[in-house]
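Novice: Have a look at this one.
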Amino acid sequence: MQLMCRGAAALVLFGVMATLIVAQPSLGQSKPPKRAYLVLSQEPGHPCGEPQAEGVLEALAAAGWRTSQNLTVKRQYMDQYITNVTPEALREVGQKTIADIEAFKPDILFALDDASIAFVMMPLIGRSDFPIVFSGMNAQPEMYNGQTKFMESRARPGGNVTGMYEQLYVAQSLRVMMEAVAGLRGNKAVMITDMTGTGNALTRQFELELKDMKDVGWEVKRAKDWTDYTALIESLNNDDKVRAIYPIAMTLGGPDGARHTAPQIYDWTIAHSRKPEMAVNYFFARMGLFGGAVVNFGSMGRYAGQKGAKILDGAKVGDLPIEDAPDYAIVFNVKRARDLGIEIPARVLASAHAVYKDDLVPLNGKQLVYDPATKAF
């Protein structure tokens, strides 16, 4: 009887294994080949764009869309901070990118950050052959919608576009900074933006997100060029009411025509500022800025990628809601805190997602290059 039971069990096991062996190829073939086109607003290696792109591809792979199997991916970089800094230059590279997209014939297009949204996504509004998912939008969706209508509502856009709005979480960052920096409550923080289109959008975001902030005074300062920025930092050093800054100017023209981008701007800031700096993402805290509550760019990209996976699986892009990126992280650079003479309370450090004990400066003009091994973003 035992032999019969064992034999029957063996037959059942053999049958199950045979079914799995037969079924396995069909699982791999269940998703037909697709093509995805990613447009990044920055240059290759930028620590705001690359984590989003990585997050998109991670989410697609998790849903069964893998670059080594059934997904062909092409990336295009608009280089908005170094080479194509004017609206005219961005419009030209946007037109070239659209022509390349037409030739590539993607099944889905991802537009990462505002330059790609303004100069690539917007001209493709209404196209039935291009479902578009954006990530990292700083200007309000309603502002873009006022230029060319692409959504009935955030909850159900109804057209060929959906995506993730980039919430800065600056109010949360100020609350974190109040816990970390003695004397900030009741004093002032200054946000610094450049004069680019993204700088305009960030300025508006600060105004919207901080309109109910009562515990800390705040204002936004615009730096029109490198001379203006360095003079502003020096003046803030001498203002006792200013207890923190949020420097988010990413590109500044110099008096000699040279362009200063994040490596030079943050090298100089860390060397000359005497105020703790709020950082926009993990990487800038890793580089040497003080920290705070930062945008999780990788997570935002993953949410965009999840929307993209649903579209590739047959969902209508217009049925998927436009949402705020839901995740932020708390990070600190304790070396920077020590250099500024600030002791961050242990209970505050214990709540952080990342605590850096050194920094990456000076970069000496080298570009900021996103390194997944430096994680997390």
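Residues are named by chain letter and number: chains run A, B, ... in the order of the structure tokens, numbers start at 1 in each chain, and ligands are numbered from 1 in the order shown.
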Please provide the set of residues having any atom within 10 Å of segment 264-270 of chain A, restricted to only C-alpha atoms, with same-chain residues fewer than 3 positions apart removed, written as a PyMOL selection string.

Specialist: chain A and resi 226+229-230+233-234+247-252+259-261+273-277+284+287-290+336+339+360-368

Novice: Could you save those same residues with C-alpha atoms as a PDB file, in the first residue's frame?

Specialist:
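The resulting file, part_29.pdb, is reproduced below:
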ATOM      1  CA  TRP A 226      26.694  83.712 -10.376  1.00  0.00           C
ATOM      2  CA  TYR A 229      24.196  84.209  -6.026  1.00  0.00           C
ATOM      3  CA  THR A 230      27.561  84.587  -4.278  1.00  0.00           C
ATOM      4  CA  ILE A 233      25.022  83.878   0.238  1.00  0.00           C
ATOM      5  CA  GLU A 234      27.448  86.381   1.778  1.00  0.00           C
ATOM      6  CA  PRO A 247      19.749  76.559  -2.285  1.00  0.00           C
ATOM      7  CA  ILE A 248      18.157  75.033  -5.373  1.00  0.00           C
ATOM      8  CA  ALA A 249      19.704  77.153  -8.127  1.00  0.00           C
ATOM      9  CA  MET A 250      20.979  74.602 -10.656  1.00  0.00           C
ATOM     10  CA  THR A 251      22.480  76.783 -13.397  1.00  0.00           C
ATOM     11  CA  LEU A 252      23.924  80.308 -13.268  1.00  0.00           C
ATOM     12  CA  ARG A 259      28.114  78.535 -16.907  1.00  0.00           C
ATOM     13  CA  HIS A 260      28.093  77.420 -13.291  1.00  0.00           C
ATOM     14  CA  THR A 261      26.063  74.273 -12.595  1.00  0.00           C
ATOM     15  CA  SER A 273      27.910  79.445   3.559  1.00  0.00           C
ATOM     16  CA  ARG A 274      27.582  79.517   7.332  1.00  0.00           C
ATOM     17  CA  LYS A 275      23.940  78.431   7.339  1.00  0.00           C
ATOM     18  CA  PRO A 276      22.644  74.828   7.327  1.00  0.00           C
ATOM     19  CA  GLU A 277      21.316  73.951   3.879  1.00  0.00           C
ATOM     20  CA  PHE A 284      23.069  66.609  -2.406  1.00  0.00           C
ATOM     21  CA  MET A 287      27.669  65.577  -1.422  1.00  0.00           C
ATOM     22  CA  GLY A 288      27.805  67.735   1.700  1.00  0.00           C
ATOM     23  CA  LEU A 289      24.641  69.797   2.222  1.00  0.00           C
ATOM     24  CA  PHE A 290      23.094  69.648   5.703  1.00  0.00           C
ATOM     25  CA  ARG A 336      28.349  69.336   7.598  1.00  0.00           C
ATOM     26  CA  ASP A 339      31.541  71.922  10.508  1.00  0.00           C
ATOM     27  CA  LEU A 360      32.022  64.229  -1.653  1.00  0.00           C
ATOM     28  CA  VAL A 361      33.425  67.758  -1.902  1.00  0.00           C
ATOM     29  CA  PRO A 362      35.326  69.290  -3.413  1.00  0.00           C
ATOM     30  CA  LEU A 363      34.140  68.106  -6.800  1.00  0.00           C
ATOM     31  CA  ASN A 364      36.502  70.632  -8.401  1.00  0.00           C
ATOM     32  CA  GLY A 365      34.121  71.178 -11.279  1.00  0.00           C
ATOM     33  CA  LYS A 366      33.481  67.511 -12.009  1.00  0.00           C
ATOM     34  CA  GLN A 367      29.890  66.772 -12.943  1.00  0.00           C
ATOM     35  CA  LEU A 368      27.533  65.282 -10.395  1.00  0.00           C
TER      36      LEU A 368
END

Novice: Each residue of segment 37-119 of chain A with at least one atom at most 6 Å from segment 297-306 of chain A should appear once, together with its nearest atom pair and the corresponding distance in Å (one decimal); atoms considered: only C-alpha atoms; ordering: chain, then increasing residue number; output as CSV.

Specialist:
residue,atom,partner,partner_atom,distance
A:Pro51,CA,A:Gly298,CA,4.6
A:Gln52,CA,A:Gly301,CA,4.0
A:Gly55,CA,A:Arg302,CA,4.2
A:Val56,CA,A:Gly305,CA,4.0
A:Ala59,CA,A:Gly305,CA,5.0
A:Leu60,CA,A:Gly305,CA,5.6

Novice: Expressed in Å to a single decimal, how great is the separation between atom CA of Met143 of chain A and atom CA of Gly217 of chain A?

Specialist: 27.2 Å

Novice: Run DSSP on the backbone of this structure and report the residues of segment 3-172 of chain A it assigns to alpha helix (DSSP H), as a PyMOL selection string.

Specialist: chain A and resi 3-28+49-62+87-104+114-116+141-147+170-172

Novice: Go through A:Val242, A:Ala350, A:Ala258, A:Ala337 and flag the residue nearest Thr227 of chain A, using only C-alpha atoms for the distances.

Specialist: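 Using only C-alpha atoms, the shortest distance to Thr227 of chain A belongs to A:Ala258.
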
Novice: Contacts of segment 76-85 of chain A at 8 Å or less, counting only C-alpha atoms, minus same-chain residues fewer than 4 places along, as a list of chain:residue names?

Specialist: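 What passes the distance filter is A:Tyr37, A:Leu38, A:Val39, A:Leu40, A:Ser41, A:Gln42, A:Glu43, A:Pro44, A:Ala89, A:Leu90, A:Val93, A:Gly94, A:Thr97, A:Ala115, A:Ser116, A:Thr196, A:Met250, A:Thr251, A:Arg259, A:Thr261.
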
Novice: With distances taken over only C-alpha atoms, which of A:Val216, A:Ala346, A:Leu57, A:Leu71 is nearest to Met178 of chain A?

Specialist: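 Comparing A:Val216, A:Ala346, A:Leu57, A:Leu71 against Met178 of chain A, the winner is A:Val216.
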
Novice: Give me the residues near Glu209 of chain A as a VMD selection string, where near means some atom within 9 Å (using only C-alpha atoms) and where sequence neighbours in that chain fewer than 5 positions away do not count.

Specialist: chain A and resid 167 to 171 204

Novice: Mind dumping the selected residues with N, CA and C atoms as a PDB file, in the first residue's frame?

Specialist:
ATOM      1  N   GLN A 167       6.006  66.706  -5.565  1.00  0.00           N
ATOM      2  CA  GLN A 167       5.820  67.436  -4.308  1.00  0.00           C
ATOM      3  C   GLN A 167       7.187  67.647  -3.677  1.00  0.00           C
ATOM      4  N   LEU A 168       7.519  68.882  -3.293  1.00  0.00           N
ATOM      5  CA  LEU A 168       8.824  69.161  -2.692  1.00  0.00           C
ATOM      6  C   LEU A 168       8.885  68.783  -1.217  1.00  0.00           C
ATOM      7  N   TYR A 169       7.742  68.749  -0.551  1.00  0.00           N
ATOM      8  CA  TYR A 169       7.687  68.474   0.889  1.00  0.00           C
ATOM      9  C   TYR A 169       8.534  69.467   1.676  1.00  0.00           C
ATOM     10  N   VAL A 170       8.521  70.726   1.222  1.00  0.00           N
ATOM     11  CA  VAL A 170       9.359  71.726   1.874  1.00  0.00           C
ATOM     12  C   VAL A 170       8.832  72.081   3.258  1.00  0.00           C
ATOM     13  N   ALA A 171       7.530  72.030   3.474  1.00  0.00           N
ATOM     14  CA  ALA A 171       7.009  72.298   4.821  1.00  0.00           C
ATOM     15  C   ALA A 171       7.480  71.216   5.789  1.00  0.00           C
ATOM     16  N   ARG A 204       7.185  78.946  -7.374  1.00  0.00           N
ATOM     17  CA  ARG A 204       5.743  78.827  -7.149  1.00  0.00           C
ATOM     18  C   ARG A 204       5.435  77.680  -6.190  1.00  0.00           C
TER      19      ARG A 204
END

Novice: Suppose you want the space between atom CA of Asp239 of chain A and atom CA of Leu210 of chain A; what is it in Å?

Specialist: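 Going from atom CA of Asp239 of chain A over to atom CA of Leu210 of chain A covers 21.2 Å.
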
Novice: Within 12 Å of segment 211-213 of chain A, counting only C-alpha atoms, which residues show up once you throw out same-chain ones fewer than 6 positions away? Write them as an MDAnalysis selection string, please.

Specialist: chainID A and resid 170:175 185:186 188:189 204:205 219

Novice: In Å, how far is it from atom CA of Val176 of chain A to atom CA of Val331 of chain A?

Specialist: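 It comes out at 9.7 Å.
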
Novice: So that I can check the surroundings of Met122 of chain A, please list as an NGL selection string every protein, DNA and RNA residue that reaches within 9 Å of it, counting only C-alpha atoms and ignoring chain neighbours fewer than 2 positions away.

Specialist: :A and (116-120 or 124-125 or 144 or 147-148 or 150)

Novice: Which of segment 55-94 of chain A end up as strand (DSSP E) when DSSP is run on this backbone - answer as a ChimeraX atom specification?

Specialist: /A:71-77

Novice: Let's have the selection written as a compact mmCIF listing (two decimals), in the first residue's frame, with C-alpha atoms.

Specialist:
# COMPACT_ATOMS: atom_id res chain seq x y z
CA LEU A 71 11.20 45.75 -23.80
CA THR A 72 13.36 47.96 -26.01
CA VAL A 73 14.29 51.24 -24.30
CA LYS A 74 15.79 54.43 -25.72
CA ARG A 75 16.87 57.46 -23.68
CA GLN A 76 17.27 61.07 -24.75
CA TYR A 77 18.91 63.77 -22.64

Novice: Please provide as number ranges by chain all residues within 12 Å of Ala315 of chain A, with the sequence filter that same-chain residues fewer than 5 positions apart are discarded (counting only C-alpha atoms).

Specialist: A: 108, 131, 160, 162, 306-310, 320-321

Novice: Please dump the current selection as a PDB file, in the first residue's frame; keep N, CA and C atoms.

Specialist:
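again34.pdb written:
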ATOM      1  N   ILE A 108       5.157  53.601 -25.524  1.00  0.00           N
ATOM      2  CA  ILE A 108       4.931  54.507 -24.397  1.00  0.00           C
ATOM      3  C   ILE A 108       6.090  55.483 -24.300  1.00  0.00           C
ATOM      4  N   PRO A 131       0.878  57.250 -25.756  1.00  0.00           N
ATOM      5  CA  PRO A 131       0.548  57.415 -24.335  1.00  0.00           C
ATOM      6  C   PRO A 131       1.774  57.957 -23.604  1.00  0.00           C
ATOM      7  N   ASN A 160      -4.254  61.550 -23.332  1.00  0.00           N
ATOM      8  CA  ASN A 160      -3.142  60.619 -23.550  1.00  0.00           C
ATOM      9  C   ASN A 160      -1.993  60.849 -22.579  1.00  0.00           C
ATOM     10  N   THR A 162      -0.743  60.985 -18.275  1.00  0.00           N
ATOM     11  CA  THR A 162      -0.892  60.878 -16.825  1.00  0.00           C
ATOM     12  C   THR A 162       0.500  61.010 -16.228  1.00  0.00           C
ATOM     13  N   GLN A 306       5.052  52.234 -12.682  1.00  0.00           N
ATOM     14  CA  GLN A 306       3.876  51.386 -12.434  1.00  0.00           C
ATOM     15  C   GLN A 306       2.713  51.793 -13.320  1.00  0.00           C
ATOM     16  N   LYS A 307       2.549  53.114 -13.505  1.00  0.00           N
ATOM     17  CA  LYS A 307       1.505  53.578 -14.425  1.00  0.00           C
ATOM     18  C   LYS A 307       1.822  53.112 -15.844  1.00  0.00           C
ATOM     19  N   GLY A 308       3.095  53.221 -16.221  1.00  0.00           N
ATOM     20  CA  GLY A 308       3.497  52.786 -17.550  1.00  0.00           C
ATOM     21  C   GLY A 308       3.254  51.312 -17.774  1.00  0.00           C
ATOM     22  N   ALA A 309       3.517  50.492 -16.760  1.00  0.00           N
ATOM     23  CA  ALA A 309       3.291  49.051 -16.879  1.00  0.00           C
ATOM     24  C   ALA A 309       1.814  48.747 -17.098  1.00  0.00           C
ATOM     25  N   LYS A 310       0.955  49.464 -16.388  1.00  0.00           N
ATOM     26  CA  LYS A 310      -0.489  49.259 -16.578  1.00  0.00           C
ATOM     27  C   LYS A 310      -0.905  49.612 -18.001  1.00  0.00           C
ATOM     28  N   LEU A 320      -5.942  56.676 -15.693  1.00  0.00           N
ATOM     29  CA  LEU A 320      -5.008  56.609 -14.568  1.00  0.00           C
ATOM     30  C   LEU A 320      -4.797  58.008 -13.995  1.00  0.00           C
ATOM     31  N   PRO A 321      -4.972  58.191 -12.698  1.00  0.00           N
ATOM     32  CA  PRO A 321      -4.935  59.538 -12.116  1.00  0.00           C
ATOM     33  C   PRO A 321      -3.545  60.167 -12.136  1.00  0.00           C
TER      34      PRO A 321
END

Novice: May I ask which of the residues A:Thr67, A:Pro326, A:Thr203, A:Ala139 is the closest one to Pro33 of chain A, counting only C-alpha atoms?

Specialist: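 Distance minimum relative to Pro33 of chain A lands on A:Thr67.
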